[in-house]
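Undergrad: Dumping the structure here so I can ask a few things about it.
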Amino acid sequence: MSEYTIRTKRLGLRNWKENDLTPSYKMCSDKQVMEFFPRCLTLAETQNFIDRMKDHFTTYGFCYFAVDRLDTNTFIGFIGLMKQSYHTPFSPFIDIGWRLLPEAWGNGYATEGALACLDYAFNELRLTEVYAVAPILNKKSRNVMHKIGMHECAHFEHPKIDSNDPLCRCVAYKLVNE
């Protein structure tokens with residue numbers, strides 16, 4: 001049995017392993033990667049994130065999956081699905097999200113992995129809809145949302161971000177399985 005829950009031509013999406021901590025921390029502590037988040041994560045916070053993903057995967061069969069490039073067998077970030085319940089006009093919801101190391105940017109990996117996750121969400125998990133959320137300022141993620149066929153559906157203030165922070169103003173995109 002493959003360690004990958006989802007495979008694309010170039011990517012393997014899987015549950016998290018302990019040796020993902022070092023490259024994940026490199027990613028989550030990089031100011032460029034975390035530009036559209038309130039702050040970078042500490043090593044302990046990164047470990048907590050990985051532990052939450054593993055638990056979510058065990059409970060639901062999906063998470064923000066760790067992503068490997070298949071040709072080099074190297075970790076490049078995460079792409080996946082997550083149950084979210086923080087307050088929005090559409091809560092609770094299944095979110096699709098991604099975060100990649102800078103060396104993986106510009107290769108279409110986020111789009112490729114997100115499309116595979118949507119296929120998994122609709123055809124394997126039998127979900128009826130998936131949302132994506134980003135600060136309005138995050139044009140790169142919003143561009144990926146458009147590329148994967150999602151449509152803007154709501155604007156809101158993120159309840160986990162200080163209301164004085166410009167990152168608080170978010171936009172949601174939605175795709176319905178028809």
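In the structure tokens, the first chain shown is A, the next is B, and so on; residue numbers restart at 1 for each chain, and ligands run from 1 in the order shown.
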I need the strand (DSSP E) residues of segment 12-166 of chain A per DSSP on the backbone, written as a VMD selection string.
TA: chain A and resid 12 to 14 64 to 69 74 to 84 93 to 100 129 to 135 151 to 157
Undergrad: Show me, as a ChimeraX atom specification, the residues that have an atom within 12 Å of segment 6-8 of chain A when counting only C-alpha atoms, minus same-chain residues fewer than 2 positions from it.
TA: /A:2-4,10-15,61-71,79-81,108-121,124
Undergrad: As a count of residues only, list the residues of segment 103-150 of chain A assigned to alpha helix (DSSP H) by DSSP on the backbone atoms of this structure.
TA: 20
Undergrad: Mind pulling up the distance from atom CA of Ile161 of chain A to atom CA of Val130 of chain A?
TA: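 A separation of 22.0 Å between them.
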Undergrad: Find the distance between atom CA of His151 of chain A and atom CA of Tyr173 of chain A and write it in Å to one decimal.
TA: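 We find that atom CA of His151 of chain A and atom CA of Tyr173 of chain A lie 5.0 Å from each other.
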Undergrad: Do a neighbour search on Asn177 of chain A at 7 Å with only C-alpha atoms, toss out local chain neighbours closer than 2 positions, and write the hits as a list of chain:residue names.
TA: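 Surrounding residues, per the criterion: A:Phe122, A:Thr128, A:Glu129, A:Leu175.
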Undergrad: Out of A:Leu21, A:Asn123, A:Ala134, A:Lys83, which residue has the shortest atom-to-atom distance to Tyr60 of chain A when counting only C-alpha atoms?
TA: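 For Tyr60 of chain A, the nearest of the given residues is A:Lys83.
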Undergrad: To one decimal in Å, tell me the separation between atom CA of His146 of chain A and atom CA of Tyr86 of chain A.
TA: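 Result for atom CA of His146 of chain A versus atom CA of Tyr86 of chain A: 23.6 Å, one decimal.
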Undergrad: Let me make sure I understand: among A:Asn138, A:Asn48, A:Thr88, A:Thr72, which one has the smallest atom-to-atom distance to Glu35 of chain A if we use only C-alpha atoms?
TA: A:Asn138
Undergrad: For Lys160 of chain A, find every residue with an atom within 10 Å (counting only C-alpha atoms), except residues of its own chain fewer than 6 positions away, and show them as a list of chain:residue names.
TA: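 Returned residues: A:Pro38, A:Tyr86, A:His87, A:Cys168.
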Undergrad: Measuring atom to atom with only C-alpha atoms, identify which of A:Met34, A:Tyr131, A:Ser141, A:Ser24 is nearest to Phe90 of chain A.
TA: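 Result for the nearest residue to Phe90 of chain A: A:Tyr131.
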Undergrad: Set the distance at 12 Å and use only C-alpha atoms: which residues neighbour Phe36 of chain A once local chain neighbours fewer than 2 positions away are removed? I'd like the list as a PDB file with C-alpha atoms, in the first residue's frame.
TA:
ATOM      1  CA  CYS A  28       6.418  28.096   8.976  1.00  0.00           C
ATOM      2  CA  ASP A  30       9.953  31.894   6.909  1.00  0.00           C
ATOM      3  CA  LYS A  31       8.682  35.498   6.781  1.00  0.00           C
ATOM      4  CA  GLN A  32       8.120  35.310   3.038  1.00  0.00           C
ATOM      5  CA  VAL A  33       5.995  32.134   3.351  1.00  0.00           C
ATOM      6  CA  MET A  34       4.061  33.545   6.304  1.00  0.00           C
ATOM      7  CA  PRO A  38      -0.287  37.213  11.617  1.00  0.00           C
ATOM      8  CA  ARG A  39       3.148  35.807  12.507  1.00  0.00           C
ATOM      9  CA  CYS A  40       5.621  33.004  11.955  1.00  0.00           C
ATOM     10  CA  ARG A  99       1.516  26.367   2.070  1.00  0.00           C
ATOM     11  CA  VAL A 133     -10.286  31.413   2.739  1.00  0.00           C
ATOM     12  CA  ALA A 134      -7.550  34.013   2.354  1.00  0.00           C
ATOM     13  CA  PRO A 135      -6.867  37.573   3.391  1.00  0.00           C
ATOM     14  CA  ILE A 136      -8.080  39.894   0.635  1.00  0.00           C
ATOM     15  CA  LEU A 137      -4.437  41.035   0.237  1.00  0.00           C
ATOM     16  CA  ASN A 138      -3.250  37.508  -0.685  1.00  0.00           C
ATOM     17  CA  LYS A 139      -3.492  37.713  -4.467  1.00  0.00           C
ATOM     18  CA  LYS A 140      -1.343  34.609  -5.062  1.00  0.00           C
ATOM     19  CA  SER A 141      -3.665  32.283  -3.136  1.00  0.00           C
ATOM     20  CA  ARG A 142      -6.718  33.956  -4.623  1.00  0.00           C
ATOM     21  CA  ILE A 161      -7.005  37.816  13.683  1.00  0.00           C
ATOM     22  CA  ASP A 165      -4.678  43.911  11.314  1.00  0.00           C
ATOM     23  CA  PRO A 166      -5.250  44.295   7.542  1.00  0.00           C
ATOM     24  CA  LEU A 167      -5.023  40.478   7.300  1.00  0.00           C
ATOM     25  CA  CYS A 168      -8.300  40.293   9.236  1.00  0.00           C
ATOM     26  CA  ARG A 169     -10.277  41.229   6.127  1.00  0.00           C
ATOM     27  CA  CYS A 170     -10.788  37.946   4.322  1.00  0.00           C
TER      28      CYS A 170
END
Undergrad: I'd like the neighbourhood of Lys17 of chain A as a PyMOL selection string, where a residue qualifies if any of its atoms comes within 10 Å (using only C-alpha atoms), though same-chain residues fewer than 6 positions away should be ignored.
TA: chain A and resi 50-51+54+66
Undergrad: Return the single residue from A:Leu127, A:Lys147, A:Thr42, A:Thr74 that is closest to Phe93 of chain A, with distances computed using only C-alpha atoms.
TA: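 So, comparing all the options, the nearest one is A:Leu127.
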Undergrad: Have a look at A:Thr22, A:Ser163, A:Phe37, A:Ile76 and name the one nearest to Glu103 of chain A; count only C-alpha atoms.
TA: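 Using only C-alpha atoms, the shortest distance to Glu103 of chain A belongs to A:Ile76.
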Undergrad: Smallest atom-to-atom distance to Met27 of chain A: which of A:Asn73, A:Met53, A:Phe156, A:Ala104, using only C-alpha atoms?
TA: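 Among the listed residues, A:Ala104 lies closest to Met27 of chain A.
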